[in-house]
>>> print(open('query_17.cif').read())   # mmCIF, C-alpha atoms
data_work
loop_
_atom_site.group_PDB
_atom_site.id
_atom_site.type_symbol
_atom_site.label_atom_id
_atom_site.label_comp_id
_atom_site.auth_asym_id
_atom_site.auth_seq_id
_atom_site.Cartn_x
_atom_site.Cartn_y
_atom_site.Cartn_z
ATOM 1 C CA MET A 1 56.908 -87.990 41.165
ATOM 2 C CA LYS A 2 55.000 -88.404 37.916
ATOM 3 C CA LYS A 3 52.012 -86.666 39.451
ATOM 4 C CA ASN A 4 54.116 -83.662 40.368
ATOM 5 C CA VAL A 5 55.599 -83.405 36.841
ATOM 6 C CA LEU A 6 52.111 -83.629 35.318
ATOM 7 C CA ALA A 7 50.769 -80.920 37.624
ATOM 8 C CA LEU A 8 53.668 -78.620 36.816
ATOM 9 C CA THR A 9 53.106 -79.241 33.106
ATOM 10 C CA LEU A 10 49.400 -78.336 33.351
ATOM 11 C CA VAL A 11 50.187 -75.159 35.260
ATOM 12 C CA ALA A 12 52.719 -74.124 32.615
ATOM 13 C CA VAL A 13 50.217 -74.761 29.794
ATOM 14 C CA CYS A 14 47.520 -72.740 31.556
ATOM 15 C CA MET A 15 49.902 -69.867 32.076
ATOM 16 C CA MET A 16 50.809 -69.907 28.380
ATOM 17 C CA PHE A 17 47.151 -69.797 27.308
ATOM 18 C CA ALA A 18 46.404 -66.974 29.761
ATOM 19 C CA SER A 19 49.324 -64.997 28.457
ATOM 20 C CA CYS A 20 48.243 -65.469 24.828
ATOM 21 C CA GLY A 21 44.650 -64.527 25.611
ATOM 22 C CA LYS A 22 45.677 -61.357 27.377
ATOM 23 C CA GLU A 23 47.941 -60.247 24.545
ATOM 24 C CA SER A 24 45.224 -60.834 21.898
ATOM 25 C CA ASP A 25 42.430 -59.136 23.915
ATOM 26 C CA GLU A 26 44.193 -55.933 24.863
ATOM 27 C CA PRO A 27 45.313 -54.846 21.381
ATOM 28 C CA GLY A 28 41.906 -55.801 20.006
ATOM 29 C CA SER A 29 40.047 -53.663 22.520
ATOM 30 C CA ASP A 30 42.268 -50.671 21.745
ATOM 31 C CA MET A 31 42.293 -51.047 17.979
ATOM 32 C CA VAL A 32 38.750 -52.038 17.052
ATOM 33 C CA PRO A 33 36.976 -48.892 18.343
ATOM 34 C CA ALA A 34 39.717 -46.754 16.836
ATOM 35 C CA ALA A 35 39.446 -48.551 13.527
ATOM 36 C CA VAL A 36 35.624 -48.206 13.454
ATOM 37 C CA GLY A 37 35.849 -44.536 14.339
ATOM 38 C CA ASP A 38 38.474 -43.938 11.680
ATOM 39 C CA SER A 39 36.440 -45.714 9.013
ATOM 40 C CA GLN A 40 33.242 -43.842 9.968
ATOM 41 C CA GLN A 41 35.094 -40.546 9.949
ATOM 42 C CA ALA A 42 36.646 -41.372 6.592
ATOM 43 C CA GLU A 43 33.257 -42.267 5.111
ATOM 44 C CA SER A 44 30.926 -39.696 6.619
ATOM 45 C CA GLY A 45 32.913 -37.421 8.931
ATOM 46 C CA ASP A 46 32.468 -36.860 12.634
ATOM 47 C CA PRO A 47 29.684 -34.184 13.002
ATOM 48 C CA VAL A 48 30.909 -33.024 16.380
ATOM 49 C CA SER A 49 34.501 -32.798 15.204
ATOM 50 C CA ASP A 50 33.445 -30.951 11.990
ATOM 51 C CA GLU A 51 31.363 -28.388 13.864
ATOM 52 C CA ARG A 52 34.181 -27.805 16.331
ATOM 53 C CA GLU A 53 36.779 -27.360 13.599
ATOM 54 C CA GLN A 54 34.482 -25.311 11.305
ATOM 55 C CA PRO A 55 32.142 -23.278 13.480
ATOM 56 C CA GLY A 56 28.940 -22.181 11.785
ATOM 57 C CA VAL A 57 29.099 -24.687 8.937
ATOM 58 C CA GLY A 58 25.609 -25.941 9.742
ATOM 59 C CA ASP A 59 24.303 -22.356 9.820
ATOM 60 C CA GLN A 60 26.044 -21.483 6.581
ATOM 61 C CA ALA A 61 24.580 -24.523 4.901
ATOM 62 C CA SER A 62 21.061 -23.472 5.819
ATOM 63 C CA GLN A 63 21.498 -19.795 5.008
ATOM 64 C CA PRO A 64 21.352 -20.154 1.212
ATOM 65 C CA GLN A 65 18.046 -22.004 1.579
ATOM 66 C CA ASP A 66 16.682 -19.338 3.908
ATOM 67 C CA LEU A 67 17.843 -16.533 1.634
ATOM 68 C CA SER A 68 16.380 -18.302 -1.372
ATOM 69 C CA ALA A 69 13.036 -18.572 0.407
ATOM 70 C CA GLU A 70 13.157 -14.927 1.380
ATOM 71 C CA LYS A 71 14.022 -13.888 -2.176
ATOM 72 C CA ALA A 72 11.247 -16.041 -3.586
ATOM 73 C CA ASP A 73 8.762 -14.572 -1.149
ATOM 74 C CA GLU A 74 10.008 -11.073 -1.936
ATOM 75 C CA GLN A 75 9.653 -11.736 -5.657
ATOM 76 C CA THR A 76 6.127 -13.032 -5.135
ATOM 77 C CA GLN A 77 5.221 -9.913 -3.206
ATOM 78 C CA LYS A 78 6.640 -7.760 -5.991
ATOM 79 C CA GLU A 79 4.644 -9.643 -8.591
ATOM 80 C CA LEU A 80 1.467 -9.332 -6.543
ATOM 81 C CA ALA A 81 2.118 -5.647 -5.992
ATOM 82 C CA ALA A 82 2.736 -5.187 -9.685
ATOM 83 C CA GLY A 83 -0.518 -6.949 -10.457
ATOM 84 C CA GLU A 84 -2.446 -4.879 -7.965
ATOM 85 C CA SER A 85 -0.857 -1.632 -9.079
ATOM 86 C CA GLY A 86 -1.568 -2.635 -12.665
ATOM 87 C CA GLU A 87 -5.254 -2.891 -11.832
ATOM 88 C CA GLU A 88 -5.256 0.366 -9.902
ATOM 89 C CA GLN A 89 -3.370 2.174 -12.636
ATOM 90 C CA THR A 90 -5.636 1.110 -15.509
ATOM 91 C CA ASP A 91 -5.895 4.180 -17.686
ATOM 92 C CA VAL A 92 -9.116 6.153 -17.392
ATOM 93 C CA LEU A 93 -9.678 8.578 -20.214
ATOM 94 C CA LEU A 94 -11.723 11.747 -20.307
ATOM 95 C CA SER A 95 -15.186 11.050 -21.672
ATOM 96 C CA ASP A 96 -17.090 13.315 -24.007
ATOM 97 C CA LYS A 97 -19.396 14.289 -21.153
ATOM 98 C CA LEU A 98 -17.532 17.437 -20.150
ATOM 99 C CA LEU A 99 -19.525 19.876 -18.067
ATOM 100 C CA LYS A 100 -19.128 23.592 -17.469
ATOM 101 C CA ALA A 101 -20.136 26.123 -14.826
ATOM 102 C CA GLY A 102 -23.883 26.012 -14.331
ATOM 103 C CA ASP A 103 -24.166 22.322 -15.207
ATOM 104 C CA THR A 104 -25.029 19.553 -12.746
ATOM 105 C CA MET A 105 -23.164 16.291 -12.124
ATOM 106 C CA GLU A 106 -24.619 13.192 -10.488
ATOM 107 C CA VAL A 107 -22.954 11.163 -7.740
ATOM 108 C CA LEU A 108 -24.260 7.599 -7.844
ATOM 109 C CA TYR A 109 -24.694 5.232 -4.919
ATOM 110 C CA PRO A 110 -25.542 1.493 -5.033
ATOM 111 C CA ALA A 111 -29.203 0.842 -4.240
ATOM 112 C CA ASP A 112 -28.488 -2.902 -4.210
ATOM 113 C CA GLU A 113 -25.917 -5.292 -5.661
ATOM 114 C CA GLN A 114 -26.953 -4.527 -9.238
ATOM 115 C CA THR A 115 -28.582 -1.104 -9.227
ATOM 116 C CA LEU A 116 -27.096 2.388 -8.992
ATOM 117 C CA GLU A 117 -29.151 5.444 -8.173
ATOM 118 C CA PRO A 118 -28.361 9.175 -8.029
ATOM 119 C CA GLY A 119 -27.547 10.116 -4.451
ATOM 120 C CA LEU A 120 -26.209 13.651 -4.808
ATOM 121 C CA GLU A 121 -26.340 16.349 -7.453
ATOM 122 C CA VAL A 122 -23.398 18.749 -7.646
ATOM 123 C CA THR A 123 -23.725 22.047 -9.527
ATOM 124 C CA LEU A 124 -20.608 24.099 -10.209
ATOM 125 C CA GLN A 125 -21.313 27.795 -9.786
ATOM 126 C CA SER A 126 -17.788 29.141 -10.355
ATOM 127 C CA ALA A 127 -14.101 28.252 -10.205
ATOM 128 C CA LYS A 128 -11.112 30.496 -9.518
ATOM 129 C CA LEU A 129 -7.355 29.960 -9.290
ATOM 130 C CA SER A 130 -5.469 32.232 -6.854
ATOM 131 C CA ALA A 131 -1.832 32.642 -5.877
ATOM 132 C CA THR A 132 -2.451 33.129 -2.142
ATOM 133 C CA PRO A 133 -5.216 32.605 0.428
ATOM 134 C CA GLU A 134 -5.557 36.371 0.645
ATOM 135 C CA GLU A 135 -6.147 36.630 -3.096
ATOM 136 C CA ALA A 136 -8.704 33.839 -2.797
ATOM 137 C CA GLN A 137 -10.306 35.752 0.102
ATOM 138 C CA LEU A 138 -9.839 32.835 2.454
ATOM 139 C CA ASP A 139 -8.865 33.018 6.126
ATOM 140 C CA ARG A 140 -5.626 31.109 6.729
ATOM 141 C CA ALA A 141 -6.769 30.262 10.246
ATOM 142 C CA LEU A 142 -9.631 28.247 8.750
ATOM 143 C CA MET A 143 -7.434 26.319 6.298
ATOM 144 C CA GLU A 144 -5.438 23.136 6.619
ATOM 145 C CA GLU A 145 -1.714 23.960 6.646
ATOM 146 C CA ARG A 146 -0.847 20.978 4.447
ATOM 147 C CA THR A 147 -2.713 18.420 2.372
ATOM 148 C CA GLU A 148 -1.774 15.273 0.476
ATOM 149 C CA ASN A 149 -1.701 15.643 -3.300
ATOM 150 C CA TYR A 150 -0.352 13.498 -6.132
ATOM 151 C CA ASP A 151 2.359 14.413 -8.590
ATOM 152 C CA LEU A 152 2.267 13.758 -12.329
ATOM 153 C CA SER A 153 3.672 10.244 -11.737
ATOM 154 C CA GLY A 154 0.886 9.365 -9.302
ATOM 155 C CA ASN A 155 3.069 9.509 -6.190
ATOM 156 C CA PRO A 156 1.632 11.062 -3.006
ATOM 157 C CA VAL A 157 3.246 14.354 -2.007
ATOM 158 C CA SER A 158 2.668 16.712 0.898
ATOM 159 C CA CYS A 159 1.746 20.220 -0.175
ATOM 160 C CA GLY A 160 1.650 23.410 1.921
ATOM 161 C CA ILE A 161 -0.459 26.556 1.573
ATOM 162 C CA ASP A 162 2.482 28.662 0.402
ATOM 163 C CA GLU A 163 3.815 25.995 -1.966
ATOM 164 C CA ALA A 164 0.964 25.942 -4.479
ATOM 165 C CA GLU A 165 -1.872 27.902 -6.023
ATOM 166 C CA ILE A 166 -5.354 27.663 -4.574
ATOM 167 C CA LEU A 167 -8.293 26.412 -6.616
ATOM 168 C CA THR A 168 -11.596 27.612 -5.190
ATOM 169 C CA CYS A 169 -14.903 26.126 -6.347
ATOM 170 C CA ASP A 170 -18.328 27.390 -5.333
ATOM 171 C CA LEU A 171 -20.738 24.474 -5.386
ATOM 172 C CA THR A 172 -24.387 23.718 -4.775
ATOM 173 C CA VAL A 173 -24.880 20.181 -3.506
ATOM 174 C CA ARG A 174 -28.321 18.607 -3.296
ATOM 175 C CA ASN A 175 -29.119 15.354 -1.511
ATOM 176 C CA VAL A 176 -31.426 13.623 -3.947
ATOM 177 C CA ASN A 177 -31.765 10.223 -2.349
ATOM 178 C CA GLU A 178 -28.907 9.478 0.029
ATOM 179 C CA GLU A 179 -30.130 8.083 3.341
ATOM 180 C CA GLN A 180 -26.756 8.659 5.024
ATOM 181 C CA GLY A 181 -27.029 12.395 4.506
ATOM 182 C CA GLU A 182 -26.058 13.140 8.086
ATOM 183 C CA ASP A 183 -22.508 11.937 7.482
ATOM 184 C CA LEU A 184 -21.313 12.759 3.966
ATOM 185 C CA HIS A 185 -17.682 13.276 2.993
ATOM 186 C CA ILE A 186 -16.388 15.974 0.644
ATOM 187 C CA GLY A 187 -13.573 13.593 -0.370
ATOM 188 C CA GLU A 188 -16.094 12.005 -2.734
ATOM 189 C CA LEU A 189 -15.188 14.865 -5.062
ATOM 190 C CA MET A 190 -11.725 15.239 -6.557
ATOM 191 C CA ILE A 191 -9.671 17.581 -8.654
ATOM 192 C CA ALA A 192 -8.277 15.618 -11.572
ATOM 193 C CA TYR A 193 -5.673 16.276 -14.225
ATOM 194 C CA GLY A 194 -6.394 15.384 -17.839
ATOM 195 C CA ASP A 195 -3.293 14.780 -19.916
ATOM 196 C CA PRO A 196 -3.710 16.987 -23.012
ATOM 197 C CA THR A 197 -1.901 14.453 -25.231
ATOM 198 C CA THR A 198 -3.364 11.121 -24.111
ATOM 199 C CA GLY A 199 -6.578 12.227 -22.399
ATOM 200 C CA LYS A 200 -5.649 10.085 -19.390
ATOM 201 C CA VAL A 201 -7.240 11.198 -16.116
ATOM 202 C CA SER A 202 -5.240 11.102 -12.875
ATOM 203 C CA VAL A 203 -6.155 12.225 -9.370
ATOM 204 C CA LEU A 204 -4.516 15.477 -8.279
ATOM 205 C CA SER A 205 -6.248 15.871 -4.904
ATOM 206 C CA SER A 206 -9.348 14.727 -3.035
ATOM 207 C CA MET A 207 -8.358 16.465 0.219
ATOM 208 C CA PRO A 208 -9.420 20.116 0.242
ATOM 209 C CA VAL A 209 -7.344 22.732 2.031
ATOM 210 C CA TYR A 210 -10.551 24.598 2.866
ATOM 211 C CA PHE A 211 -14.158 23.428 3.290
ATOM 212 C CA SER A 212 -16.858 25.897 4.296
ATOM 213 C CA ALA A 213 -19.572 23.292 4.997
ATOM 214 C CA SER A 214 -17.591 21.197 7.469
ATOM 215 C CA SER A 215 -19.500 19.671 10.371
ATOM 216 C CA SER A 216 -16.361 20.093 12.472
ATOM 217 C CA SER A 217 -13.387 22.473 12.514
ATOM 218 C CA VAL A 218 -10.032 22.658 10.767
ATOM 219 C CA GLY A 219 -7.417 20.264 12.121
ATOM 220 C CA LYS A 220 -9.971 17.757 13.413
ATOM 221 C CA SER A 221 -10.164 14.219 12.043
ATOM 222 C CA ASP A 222 -13.754 14.768 10.864
ATOM 223 C CA TYR A 223 -13.064 18.109 9.170
ATOM 224 C CA TYR A 224 -14.127 16.795 5.745
ATOM 225 C CA HIS A 225 -17.481 15.485 6.954
ATOM 226 C CA TYR A 226 -20.707 17.412 6.410
ATOM 227 C CA ALA A 227 -24.420 16.932 6.976
ATOM 228 C CA LEU A 228 -27.027 17.295 4.243
ATOM 229 C CA PRO A 229 -30.419 15.712 4.956
ATOM 230 C CA LYS A 230 -32.229 13.964 2.158
ATOM 231 C CA GLY A 231 -34.100 16.399 -0.074
ATOM 232 C CA GLU A 232 -32.097 19.457 0.994
ATOM 233 C CA SER A 233 -29.443 21.561 -0.770
ATOM 234 C CA LYS A 234 -26.414 23.421 0.515
ATOM 235 C CA GLU A 235 -24.091 26.100 -0.867
ATOM 236 C CA MET A 236 -20.436 25.472 -0.132
ATOM 237 C CA THR A 237 -16.983 26.726 -1.017
ATOM 238 C CA VAL A 238 -14.276 24.106 -1.433
ATOM 239 C CA ALA A 239 -10.592 24.850 -2.104
ATOM 240 C CA TRP A 240 -7.746 22.554 -3.180
ATOM 241 C CA LEU A 241 -4.008 23.153 -3.514
ATOM 242 C CA ILE A 242 -2.674 23.019 -7.082
ATOM 243 C CA PRO A 243 1.113 22.602 -7.544
ATOM 244 C CA GLY A 244 2.762 24.653 -10.269
ATOM 245 C CA GLU A 245 3.339 21.768 -12.695
ATOM 246 C CA TYR A 246 -0.389 21.493 -13.394
ATOM 247 C CA GLU A 247 -1.806 23.754 -16.117
ATOM 248 C CA ALA A 248 -5.135 25.366 -15.282
ATOM 249 C CA GLU A 249 -6.729 24.410 -18.621
ATOM 250 C CA ASN A 250 -6.169 20.715 -17.827
ATOM 251 C CA LEU A 251 -7.885 20.720 -14.425
ATOM 252 C CA TYR A 252 -11.212 18.941 -13.908
ATOM 253 C CA LEU A 253 -13.683 18.402 -11.072
ATOM 254 C CA GLY A 254 -15.101 14.898 -10.846
ATOM 255 C CA VAL A 255 -16.218 12.047 -8.594
ATOM 256 C CA THR A 256 -13.330 10.304 -6.818
ATOM 257 C CA TYR A 257 -14.822 6.785 -6.720
ATOM 258 C CA ASP A 258 -17.112 6.969 -9.721
ATOM 259 C CA ASN A 259 -19.473 4.007 -10.100
ATOM 260 C CA LYS A 260 -20.186 4.771 -13.741
ATOM 261 C CA GLU A 261 -18.415 3.143 -16.639
ATOM 262 C CA PRO A 262 -15.361 5.211 -17.666
ATOM 263 C CA GLY A 263 -17.012 6.368 -20.892
ATOM 264 C CA GLU A 264 -20.063 7.571 -18.978
ATOM 265 C CA ARG A 265 -18.255 9.551 -16.305
ATOM 266 C CA GLN A 266 -18.770 13.296 -16.065
ATOM 267 C CA TYR A 267 -16.141 15.948 -15.428
ATOM 268 C CA PHE A 268 -16.415 19.672 -14.998
ATOM 269 C CA ARG A 269 -13.817 21.422 -17.125
ATOM 270 C CA LEU A 270 -12.797 24.240 -14.807
ATOM 271 C CA PHE A 271 -10.908 26.558 -17.156
ATOM 272 C CA GLY A 272 -10.301 27.140 -20.837
ATOM 273 C CA GLN A 273 -13.998 26.953 -21.719
ATOM 274 C CA GLU A 274 -15.170 28.735 -24.868
#
>>> encode(input="query_17.cif", output="structure tokens")
Amino acid sequence: MKKNVLALTLVAVCMMFASCGKESDEPGSDMVPAAVGDSQQAESGDPVSDEREQPGVGDQASQPQDLSAEKADEQTQKELAAGESGEEQTDVLLSDKLLKAGDTMEVLYPADEQTLEPGLEVTLQSAKLSATPEEAQLDRALMEERTENYDLSGNPVSCGIDEAEILTCDLTVRNVNEEQGEDLHIGELMIAYGDPTTGKVSVLSSMPVYFSASSSSVGKSDYYHYALPKGESKEMTVAWLIPGEYEAENLYLGVTYDNKEPGERQYFRLFGQE
């Protein structure tokens, strides 16, 4: 009898412990993960939940950085461009070496890294400003329809035959010592504008509308090329378009990429000579 009572007592105690263990485990397993998640969310936020509730937040956060980088890069480019344009736009003033019809101007070429030598000699025979190709006695069929000029601010502008006057220069060009005489380019010569107040020189055009000595034909990519063997001379007529805002007395013929020091450069004064 005692054995039976003891056995029943042990069974009852075991059942009580099992019941207590089950009640303590189940709430713990439900609450602990929830409590950890809640505390983590309260401290740092759930990334997945945040992105779902606020779409694009991550993108928006990175956009200001990207835009800042773009703006910084853009500003750098502007500063570089300003620096480059500052170098290109360094004022070049008319020198005292002004030439007139009948005079000769030298075009220098580098003989080596330190030495310049005369390559071509250009003699201006005459210059004339005409309102139309017909007045200039030029055949329209042998002229470029449009050329690129520069306005008074230095901006490139397209100019047509009937939109400007025509400056015609008769030249004698002699190849003094240029070995590449079989492939010369008339763009080495330019029409320049000399500001009457400041004396500043700016390029008006280095692309003729007409070139009688061309090795090719009008409209072709090599129209401005010509051949002049070393030691030989050639007569040529070259015409440029001159927009109306340029006064004839302030027009000059010079070398486009002159290797001389600015004070030593030569310019033909085309009109207004005494």
>>> atom_distance(input="query_17.cif", atom1="atom CA of Ala227 of chain A", atom2="atom CA of Ser126 of chain A")
22.2 Å
>>> residues_near_point(input="query_17.cif", point="(-1.2, 14.4, -4.2)", cutoff="7 Å", atoms="all atoms listed in the file", output="JSON, numbers by chain")
{"A": [148, 149, 150, 151, 155, 156, 157, 158, 204, 205]}
>>> write_last_selection(input="query_17.cif", atoms="C-alpha atoms", output="mmCIF file, in the frame of the given file")
data_model
loop_
_atom_site.group_PDB
_atom_site.id
_atom_site.type_symbol
_atom_site.label_atom_id
_atom_site.label_comp_id
_atom_site.auth_asym_id
_atom_site.auth_seq_id
_atom_site.Cartn_x
_atom_site.Cartn_y
_atom_site.Cartn_z
ATOM 1 C CA GLU A 148 -1.774 15.273 0.476
ATOM 2 C CA ASN A 149 -1.701 15.643 -3.300
ATOM 3 C CA TYR A 150 -0.352 13.498 -6.132
ATOM 4 C CA ASP A 151 2.359 14.413 -8.590
ATOM 5 C CA ASN A 155 3.069 9.509 -6.190
ATOM 6 C CA PRO A 156 1.632 11.062 -3.006
ATOM 7 C CA VAL A 157 3.246 14.354 -2.007
ATOM 8 C CA SER A 158 2.668 16.712 0.898
ATOM 9 C CA LEU A 204 -4.516 15.477 -8.279
ATOM 10 C CA SER A 205 -6.248 15.871 -4.904
#
>>> resolve_selection(input="query_17.cif", expression="the PyMOL selection byres ((chain A and resi 166-175) around 6)", output="PyMOL selection string")
chain A and resi 120-130+165+176-177+230-242
>>> residues_around(input="query_17.cif", residues="His185 of chain A", least_positions_apart="2", cutoff="8 Å", atoms="all atoms listed in the file", output="list in words")
Asp183, Gly187, Glu188, Tyr224, His225 and Tyr226 of chain A
>>> atom_distance(input="query_17.cif", atom1="atom CA of Ser206 of chain A", atom2="atom CA of Val255 of chain A")
9.2 Å
>>> closest_residue(input="query_17.cif", among="A:Tyr210, A:Leu253, A:Asp112, A:Glu163", to="Arg265 of chain A", atoms="all atoms listed in the file")
A:Leu253
>>> atom_distance(input="query_17.cif", atom1="atom CA of Gly154 of chain A", atom2="atom CA of Leu251 of chain A")
15.2 Å
>>> resolve_selection(input="query_17.cif", expression="the PyMOL selection byres ((chain A and resi 195) around 12)", output="list in words")
Asp91, Val92, Leu93, Leu94, Leu152, Ser153, Ala192, Tyr193, Gly194, Pro196, Thr197, Thr198, Gly199, Lys200, Val201, Ser202, Val203, Leu204, Tyr246, Glu247, Ala248, Glu249, Asn250, Leu251 and Tyr252 of chain A
>>> resolve_selection(input="query_17.cif", expression="the PyMOL selection byres ((chain A and resi 96) around 12)", output="number ranges by chain")
A: 93-95, 97-99, 199, 262-269
>>> closest_residue(input="query_17.cif", among="A:Pro208, A:Gly102, A:Gly254, A:Gly160", to="Thr132 of chain A", atoms="all atoms listed in the file")
A:Gly160
>>> closest_residue(input="query_17.cif", among="A:Asp258, A:Glu145, A:Asp162, A:Glu134", to="Glu106 of chain A", atoms="all atoms listed in the file")
A:Asp258
